[in-house]
$ cat run_6.cif   # mmCIF, C-alpha atoms
data_input
#
loop_
_atom_site.label_atom_id
_atom_site.label_comp_id
_atom_site.auth_asym_id
_atom_site.auth_seq_id
_atom_site.Cartn_x
_atom_site.Cartn_y
_atom_site.Cartn_z
CA MET W 27 -16.02 17.06 -15.05
CA SER W 28 -14.92 14.87 -12.12
CA VAL W 29 -12.62 16.32 -9.48
CA VAL W 30 -10.03 13.68 -10.42
CA ARG W 31 -10.05 14.77 -14.05
CA GLU W 32 -10.19 18.48 -13.26
CA ARG W 33 -7.18 18.37 -10.94
CA ALA W 34 -5.26 16.03 -13.22
CA LEU W 35 -5.78 18.40 -16.17
CA LEU W 36 -4.59 21.36 -14.08
CA LEU W 37 -1.45 19.47 -13.08
CA ALA W 38 -0.80 18.18 -16.60
CA SER W 39 -1.13 21.70 -18.01
CA GLY W 40 1.33 23.15 -15.50
CA SER W 41 -1.33 25.25 -13.79
CA LYS W 42 -0.72 26.38 -10.21
CA GLU W 43 -4.43 26.32 -9.36
CA TRP W 44 -3.95 22.93 -7.69
CA VAL W 45 -0.85 22.46 -5.53
CA PRO W 46 -0.37 18.82 -4.50
CA PRO W 47 0.04 18.25 -0.75
CA VAL W 48 3.34 16.75 0.38
CA PRO W 49 2.78 13.00 0.96
CA ARG W 50 3.20 11.64 4.50
CA ALA W 51 5.44 8.63 5.05
CA ALA W 52 3.40 5.53 5.91
CA SER W 53 3.64 1.75 6.14
CA THR W 54 1.30 -1.16 5.56
CA LEU W 55 1.76 -4.86 6.28
CA ILE W 56 0.44 -7.72 4.17
CA LEU W 57 -0.31 -10.76 6.29
CA VAL W 58 -0.27 -14.10 4.48
CA ARG W 59 -0.83 -17.72 5.44
CA ASP W 60 -1.27 -21.09 3.74
CA GLY W 61 -4.90 -22.12 3.34
CA ALA W 62 -6.50 -25.32 2.09
CA HIS W 63 -6.26 -24.11 -1.52
CA GLY W 64 -3.07 -22.06 -1.44
CA VAL W 65 -1.88 -18.73 -0.12
CA GLU W 66 -4.41 -16.48 1.64
CA THR W 67 -4.14 -12.85 2.69
CA PHE W 68 -5.85 -10.74 5.35
CA LEU W 69 -7.95 -7.87 4.01
CA MET W 70 -9.73 -5.27 6.15
CA ARG W 71 -12.56 -2.96 5.07
CA ARG W 72 -12.44 0.67 6.12
CA PRO W 73 -15.69 2.18 7.48
CA LEU W 74 -17.54 4.64 5.25
CA THR W 75 -16.96 7.31 7.92
CA MET W 76 -13.18 7.32 7.39
CA LYS W 77 -11.62 10.35 5.71
CA PHE W 78 -9.19 8.29 3.62
CA ALA W 79 -10.25 5.33 1.46
CA PRO W 80 -13.68 4.88 3.05
CA GLY W 81 -15.34 1.59 2.14
CA MET W 82 -12.14 0.25 0.58
CA SER W 83 -10.47 -3.10 1.28
CA VAL W 84 -6.95 -2.49 2.59
CA TYR W 85 -4.13 -4.00 4.61
CA PRO W 86 -3.32 -2.92 8.18
CA GLY W 87 -1.24 0.24 8.16
CA GLY W 88 -0.97 3.92 8.80
CA ALA W 89 1.18 7.04 8.87
CA LEU W 90 4.65 7.13 10.37
CA ASP W 91 4.62 8.38 13.98
CA VAL W 92 7.37 9.91 16.08
CA VAL W 93 7.20 6.87 18.39
CA ASP W 94 8.30 4.66 15.49
CA PHE W 95 11.72 6.36 15.43
CA ASP W 96 12.24 5.45 19.10
CA ASP W 97 11.04 1.84 18.78
CA VAL W 98 13.82 -0.61 19.68
CA ILE W 99 12.27 -3.56 17.84
CA THR W 100 14.59 -3.16 14.83
CA GLU W 101 17.82 -3.03 16.88
CA SER W 102 18.44 -6.76 16.33
CA LEU W 103 18.52 -6.42 12.55
CA ASP W 104 21.79 -6.84 10.67
CA VAL W 105 23.15 -3.44 9.62
CA GLU W 106 23.87 -4.58 6.06
CA ILE W 107 20.31 -5.87 5.65
CA VAL W 108 18.93 -2.56 6.93
CA GLU W 109 21.12 -0.58 4.55
CA MET W 110 20.14 -2.76 1.58
CA ASN W 111 16.43 -2.47 2.30
CA ALA W 112 16.65 1.23 3.07
CA ALA W 113 17.98 1.69 -0.47
CA ARG W 114 15.13 -0.46 -1.84
CA ALA W 115 12.67 1.70 0.12
CA SER W 116 14.20 4.99 -1.08
CA ALA W 117 14.78 5.87 2.56
CA SER W 118 17.58 6.59 5.00
CA THR W 119 18.47 3.73 7.35
CA GLN W 120 16.86 5.63 10.24
CA GLU W 121 13.65 6.16 8.30
CA PHE W 122 13.57 2.54 7.12
CA ARG W 123 13.82 1.28 10.69
CA ALA W 124 10.95 3.59 11.65
CA LEU W 125 8.86 2.48 8.66
CA LEU W 126 9.34 -1.15 9.64
CA ALA W 127 8.44 -0.40 13.25
CA CYS W 128 5.37 1.50 12.00
CA ALA W 129 4.18 -1.51 9.96
CA ILE W 130 4.53 -3.78 13.00
CA ARG W 131 2.84 -1.29 15.35
CA GLU W 132 -0.10 -0.62 13.03
CA THR W 133 -0.67 -4.36 12.51
CA ARG W 134 -0.75 -4.91 16.25
CA GLU W 135 -3.16 -2.01 16.76
CA GLU W 136 -5.48 -2.76 13.84
CA ALA W 137 -5.33 -6.56 13.43
CA GLY W 138 -4.28 -7.77 16.87
CA VAL W 139 -1.19 -9.52 15.49
CA ASP W 140 2.06 -9.12 17.42
CA ILE W 141 5.17 -9.44 15.24
CA THR W 142 8.15 -10.05 17.54
CA ASP W 143 10.85 -10.81 14.96
CA PRO W 144 11.33 -7.89 12.53
CA SER W 145 13.55 -10.04 10.29
CA ASP W 146 10.39 -11.91 9.29
CA VAL W 147 8.92 -8.70 7.81
CA ILE W 148 9.99 -8.17 4.19
CA LEU W 149 9.79 -5.01 2.07
CA MET W 150 7.87 -5.75 -1.14
CA ASP W 151 6.44 -2.57 -2.67
CA HIS W 152 6.28 1.22 -2.57
CA TRP W 153 3.42 3.46 -3.73
CA VAL W 154 2.83 7.20 -3.56
CA THR W 155 -0.67 8.69 -3.61
CA PRO W 156 -1.39 10.56 -6.90
CA GLU W 157 -0.88 14.31 -6.97
CA HIS W 158 -4.54 15.12 -7.52
CA GLU W 159 -5.45 13.83 -4.03
CA SER W 160 -6.01 16.13 -1.05
CA ARG W 161 -4.56 13.50 1.34
CA ARG W 162 -1.36 11.92 0.15
CA PHE W 163 0.84 9.15 1.52
CA ASP W 164 4.28 7.77 0.64
CA VAL W 165 3.66 4.12 1.54
CA ARG W 166 6.06 1.23 1.91
CA PHE W 167 4.43 -2.19 1.70
CA PHE W 168 5.80 -5.02 3.83
CA ILE W 169 4.82 -8.69 3.90
CA THR W 170 5.02 -11.41 6.57
CA ARG W 171 3.52 -14.76 7.47
CA LEU W 172 0.90 -14.80 10.23
CA PRO W 173 2.85 -15.89 13.33
CA ALA W 174 2.04 -19.38 14.61
CA GLY W 175 -0.66 -19.44 17.26
CA GLN W 176 -1.95 -15.96 16.50
CA THR W 177 -5.28 -14.82 15.05
CA ALA W 178 -5.89 -11.70 12.98
CA TYR W 179 -9.10 -9.80 13.66
CA VAL W 180 -10.66 -6.31 13.64
CA ALA W 181 -8.90 -4.76 16.63
CA SER W 182 -9.77 -1.07 16.19
CA GLY W 183 -12.21 1.34 14.61
CA GLU W 184 -10.00 1.51 11.52
CA ALA W 185 -12.03 -1.37 10.01
CA ASP W 186 -15.58 -2.69 10.20
CA HIS W 187 -14.94 -6.07 8.57
CA ALA W 188 -11.99 -8.36 7.90
CA GLU W 189 -11.42 -11.70 6.20
CA TRP W 190 -8.79 -14.15 5.02
CA ILE W 191 -9.15 -14.55 1.29
CA ARG W 192 -7.36 -16.15 -1.62
CA PRO W 193 -5.90 -13.48 -3.92
CA SER W 194 -7.63 -14.96 -6.98
CA VAL W 195 -11.00 -14.81 -5.22
CA ALA W 196 -10.39 -11.21 -4.14
CA LEU W 197 -9.55 -10.28 -7.72
CA GLU W 198 -12.72 -11.93 -8.99
CA ARG W 199 -14.82 -10.04 -6.45
CA TYR W 200 -13.05 -6.81 -7.41
CA SER W 201 -13.93 -7.40 -11.08
CA ARG W 202 -17.60 -7.73 -10.05
CA ASP W 203 -17.44 -4.46 -8.04
CA GLU W 204 -17.97 -6.42 -4.84
CA LEU W 205 -14.61 -5.60 -3.25
CA PRO W 206 -13.57 -1.97 -3.85
CA MET W 207 -9.87 -1.27 -3.42
CA LEU W 208 -7.16 1.16 -4.41
CA ARG W 209 -4.61 0.38 -7.11
CA PRO W 210 -1.75 -0.60 -4.76
CA THR W 211 -3.91 -3.19 -2.99
CA LEU W 212 -5.01 -4.53 -6.36
CA GLU W 213 -1.39 -4.80 -7.53
CA VAL W 214 -0.40 -6.65 -4.36
CA LEU W 215 -3.18 -9.18 -4.92
CA ARG W 216 -2.07 -9.70 -8.50
CA PHE W 217 1.45 -10.41 -7.21
CA LEU W 218 0.24 -12.82 -4.53
CA ALA W 219 -1.94 -14.67 -7.04
CA LEU W 220 1.22 -15.74 -8.88
CA HIS W 221 2.40 -17.84 -5.94
CA ASP W 222 1.26 -21.15 -4.50
CA SER W 223 2.38 -20.71 -0.90
CA ALA W 224 3.09 -18.04 1.69
CA ASP W 225 6.80 -18.90 1.74
CA GLN W 226 7.01 -18.64 -2.04
CA ALA W 227 5.30 -15.23 -2.05
CA ILE W 228 7.54 -13.88 0.74
CA ALA W 229 10.71 -15.12 -0.96
CA ALA W 230 9.66 -13.52 -4.25
CA ALA W 231 8.79 -10.27 -2.45
CA GLY W 232 12.28 -10.02 -1.01
CA SER W 233 13.92 -10.16 -4.44
CA ARG W 234 11.66 -7.64 -6.20
CA ASP W 235 12.90 -4.35 -7.60
CA VAL W 236 11.14 -1.74 -5.47
CA VAL W 237 10.64 1.85 -6.63
CA ALA W 238 8.23 4.59 -5.59
CA ARG W 239 5.37 4.04 -8.01
CA MET W 240 2.74 6.75 -8.60
CA PRO W 241 -0.04 7.24 -11.17
CA ARG W 242 0.36 10.47 -13.16
CA ALA W 243 -1.55 11.98 -16.07
CA THR W 244 -0.02 13.58 -19.15
CA PRO W 245 -1.90 15.72 -21.71
CA LEU W 246 -3.39 13.96 -24.70
CA GLY W 247 -4.61 16.69 -27.03
CA GLU W 248 -6.32 19.73 -25.53
CA SER W 249 -8.71 18.04 -23.13
CA ASP W 250 -7.78 14.37 -22.82
CA LEU W 251 -5.38 12.64 -20.48
CA SER W 252 -3.15 9.60 -20.71
CA TRP W 253 -2.29 7.87 -17.43
CA HIS W 254 1.02 6.23 -16.60
CA ILE W 255 2.80 4.76 -13.58
CA ILE W 256 5.97 6.72 -12.90
CA ASN W 257 8.90 6.47 -10.53
CA GLU W 258 7.89 9.27 -8.16
CA ARG W 259 11.51 9.92 -7.21
CA THR W 260 12.88 10.29 -10.76
CA GLY W 261 9.82 10.98 -12.94
CA GLU W 262 10.70 8.01 -15.17
CA ILE W 263 7.71 6.29 -16.77
CA ILE W 264 7.49 2.68 -15.59
CA GLU W 265 4.20 1.62 -17.17
CA THR W 266 2.26 3.41 -19.92
CA ASP W 267 -1.44 3.76 -20.69
CA VAL W 268 -2.81 2.41 -17.42
CA VAL W 269 -6.43 2.60 -16.30
CA PRO W 270 -7.01 6.05 -14.76
CA PRO W 271 -8.18 6.49 -11.15
CA ALA W 272 -11.96 6.26 -11.12
CA GLN W 273 -12.51 8.40 -8.04
CA LEU W 274 -10.79 10.28 -5.26
CA GLU W 275 -9.30 8.14 -2.52
CA THR W 276 -10.86 10.57 -0.07
CA GLY W 277 -14.26 10.02 -1.70
CA GLY W 278 -14.47 6.30 -1.21
CA ILE W 279 -17.47 4.41 -2.48
CA SER W 280 -21.11 5.37 -2.67
CA THR W 281 -23.54 3.90 -0.17
#

$ encode --input "run_6.cif" --output "structure tokens"
Amino acid sequence: MSVVRERALLLASGSKEWVPPVPRAASTLILVRDGAHGVETFLMRRPLTMKFAPGMSVYPGGALDVVDFDDVITESLDVEIVEMNAARASASTQEFRALLACAIRETREEAGVDITDPSDVILMDHWVTPEHESRRFDVRFFITRLPAGQTAYVASGEADHAEWIRPSVALERYSRDELPMLRPTLEVLRFLALHDSADQAIAAAGSRDVVARMPRATPLGESDLSWHIINERTGEIIETDVVPPAQLETGGIST
């Protein structure tokens, strides 16, 4: 039995043999631009040596740091906009400002892109790592256009490869097992693939209903599981009978 299935069964049965770690607050930033054939997005591949999501294609991002709470970059934002988006992010206004600052900081550190206007960064999604994982994150996803005159690149050891890619092409490569990624990244690409331009995708992102989505298993008979996407804050089922996680996020891909 896989570790994923074993832990999921323990949780679904109410067993205390596996106690889920508390997820850490984190942010990630989806960079988009207009290419010759439509919207493109910047994906980075994590080295196989990383402890979380090794070998996976991801967006720049990372865990919330104490420095993000002291960052003054969000001071120019309208208070009403902050309050509205804090509610969308299931966060306090203070935490939302820090999450936004975190997304900007991590993108600068990992992709070499300097976002100077925080109002250009839009909240678009929210995912929580499943309870069977040993490393868990409570991640807010932001989106922004690549600033004019800037170039995104691998700027740290957090990635060993990066590329601009059309969402439809990334999805095709994923279906051929050529571009491994976690469910949230896959869902973002599916969203982006619906739009013809970066502006259209960003506008649509700003009007989305955002809730803390998390995969969770429920018992199906004595030994089977049924997987759903739930609202992690309320427990409400959002989507039923989804494809179960194939592996641990800490396990990555095989070499």

$ resolve_selection --input "run_6.cif" --expression "the PyMOL selection byres ((chain W and resi 141) around 9)" --output "short mmCIF file (atom, residue, chain, number, x, y, z; two decimals) with C-alpha atoms, in the frame of the given file"
data_model
loop_
_atom_site.label_atom_id
_atom_site.label_comp_id
_atom_site.auth_asym_id
_atom_site.auth_seq_id
_atom_site.Cartn_x
_atom_site.Cartn_y
_atom_site.Cartn_z
CA ILE W 130 4.53 -3.78 13.00
CA ARG W 131 2.84 -1.29 15.35
CA THR W 133 -0.67 -4.36 12.51
CA ARG W 134 -0.75 -4.91 16.25
CA VAL W 139 -1.19 -9.52 15.49
CA ASP W 140 2.06 -9.12 17.42
CA THR W 142 8.15 -10.05 17.54
CA ASP W 143 10.85 -10.81 14.96
CA PRO W 144 11.33 -7.89 12.53
CA ASP W 146 10.39 -11.91 9.29
CA VAL W 147 8.92 -8.70 7.81
CA THR W 170 5.02 -11.41 6.57
CA LEU W 172 0.90 -14.80 10.23
CA PRO W 173 2.85 -15.89 13.33
#

$ resolve_selection --input "run_6.cif" --expression "the PyMOL selection byres ((chain W and resi 37) around 12)" --output "list in words"
Val30, Arg31, Glu32, Arg33, Ala34, Leu35, Leu36, Ala38, Ser39, Gly40, Ser41, Lys42, Glu43, Trp44, Val45, Pro46, Pro156, Glu157, His158, Glu159, Arg242, Ala243, Thr244, Pro245 and Leu251 of chain W

$ closest_atom_pairs --input "run_6.cif" --of "segment 133-196 of chain W" --to "segment 213-231 of chain W" --cutoff "9 Å" --atoms "all atoms listed in the file" --output "CSV"
residue,atom,partner,partner_atom,distance
W:Val147,CA,W:Ile228,CA,8.9
W:Ile148,CA,W:Ala231,CA,7.1
W:Leu149,CA,W:Ala231,CA,7.0
W:Met150,CA,W:Ala231,CA,4.8
W:Asp151,CA,W:Ala231,CA,8.1
W:Phe167,CA,W:Val214,CA,8.9
W:Phe168,CA,W:Ala231,CA,8.7
W:Ile169,CA,W:Ile228,CA,6.7
W:Thr170,CA,W:Ile228,CA,6.8
W:Arg171,CA,W:Ala224,CA,6.7
W:Arg192,CA,W:Ala219,CA,7.8
W:Pro193,CA,W:Ala219,CA,5.2
W:Ser194,CA,W:Ala219,CA,5.7
W:Ala196,CA,W:Leu215,CA,7.5

$ resolve_selection --input "run_6.cif" --expression "the PyMOL selection byres ((chain W and resi 200) around 12)" --output "JSON, numbers by chain"
{"W": [82, 83, 193, 194, 195, 196, 197, 198, 199, 201, 202, 203, 204, 205, 206, 207, 208, 209, 211, 212, 213, 215, 216]}

$ write_last_selection --input "run_6.cif" --atoms "C-alpha atoms" --output "short mmCIF file (atom, residue, chain, number, x, y, z; two decimals), keeping the file's coordinate frame"
data_model
loop_
_atom_site.label_atom_id
_atom_site.label_comp_id
_atom_site.auth_asym_id
_atom_site.auth_seq_id
_atom_site.Cartn_x
_atom_site.Cartn_y
_atom_site.Cartn_z
CA MET W 82 -12.14 0.25 0.58
CA SER W 83 -10.47 -3.10 1.28
CA PRO W 193 -5.90 -13.48 -3.92
CA SER W 194 -7.63 -14.96 -6.98
CA VAL W 195 -11.00 -14.81 -5.22
CA ALA W 196 -10.39 -11.21 -4.14
CA LEU W 197 -9.55 -10.28 -7.72
CA GLU W 198 -12.72 -11.93 -8.99
CA ARG W 199 -14.82 -10.04 -6.45
CA SER W 201 -13.93 -7.40 -11.08
CA ARG W 202 -17.60 -7.73 -10.05
CA ASP W 203 -17.44 -4.46 -8.04
CA GLU W 204 -17.97 -6.42 -4.84
CA LEU W 205 -14.61 -5.60 -3.25
CA PRO W 206 -13.57 -1.97 -3.85
CA MET W 207 -9.87 -1.27 -3.42
CA LEU W 208 -7.16 1.16 -4.41
CA ARG W 209 -4.61 0.38 -7.11
CA THR W 211 -3.91 -3.19 -2.99
CA LEU W 212 -5.01 -4.53 -6.36
CA GLU W 213 -1.39 -4.80 -7.53
CA LEU W 215 -3.18 -9.18 -4.92
CA ARG W 216 -2.07 -9.70 -8.50
#

$ residues_around --input "run_6.cif" --residues "Ala137 of chain W" --least-positions-apart "4" --cutoff "10 Å" --atoms "only C-alpha atoms" --output "MDAnalysis selection string"
chainID W and resid 57 68:70 85:87 131:133 177:182 184:185 188

$ closest_residue --input "run_6.cif" --among "W:Ser102, W:Gln120, W:Ser252, W:Thr67" --to "Ile191 of chain W" --atoms "all atoms listed in the file"
W:Thr67

$ axis_aligned_box --input "run_6.cif" --around "segment 229-247 of chain W" --padding-each-side "3 Å" --output "lines of an AutoDock Vina configuration file"
center_x = 4.7
center_y = 0.8
center_z = -14.0
size_x = 24.5
size_y = 37.8
size_z = 32.1

$ residues_around --input "run_6.cif" --residues "segment 90-101 of chain W" --least-positions-apart "6" --cutoff "9 Å" --atoms "only C-alpha atoms" --output "CSV table (one decimal) with C-alpha atoms, in the coordinates of the input"
chain,number,residue,atom,x,y,z
W,50,ARG,CA,3.2,11.6,4.5
W,51,ALA,CA,5.4,8.6,5.0
W,52,ALA,CA,3.4,5.5,5.9
W,53,SER,CA,3.6,1.8,6.1
W,120,GLN,CA,16.9,5.6,10.2
W,121,GLU,CA,13.6,6.2,8.3
W,123,ARG,CA,13.8,1.3,10.7
W,124,ALA,CA,11.0,3.6,11.6
W,125,LEU,CA,8.9,2.5,8.7
W,126,LEU,CA,9.3,-1.2,9.6
W,127,ALA,CA,8.4,-0.4,13.2
W,128,CYS,CA,5.4,1.5,12.0
W,129,ALA,CA,4.2,-1.5,10.0
W,131,ARG,CA,2.8,-1.3,15.4
W,142,THR,CA,8.2,-10.0,17.5
W,143,ASP,CA,10.8,-10.8,15.0
W,144,PRO,CA,11.3,-7.9,12.5
W,145,SER,CA,13.6,-10.0,10.3

$ atom_distance --input "run_6.cif" --atom1 "atom CA of Met240 of chain W" --atom2 "atom CA of Ile264 of chain W"
9.4 Å

$ closest_residue --input "run_6.cif" --among "W:Glu66, W:Asp104, W:Asp164, W:Asp60" --to "Glu258 of chain W" --atoms "all atoms listed in the file"
W:Asp164
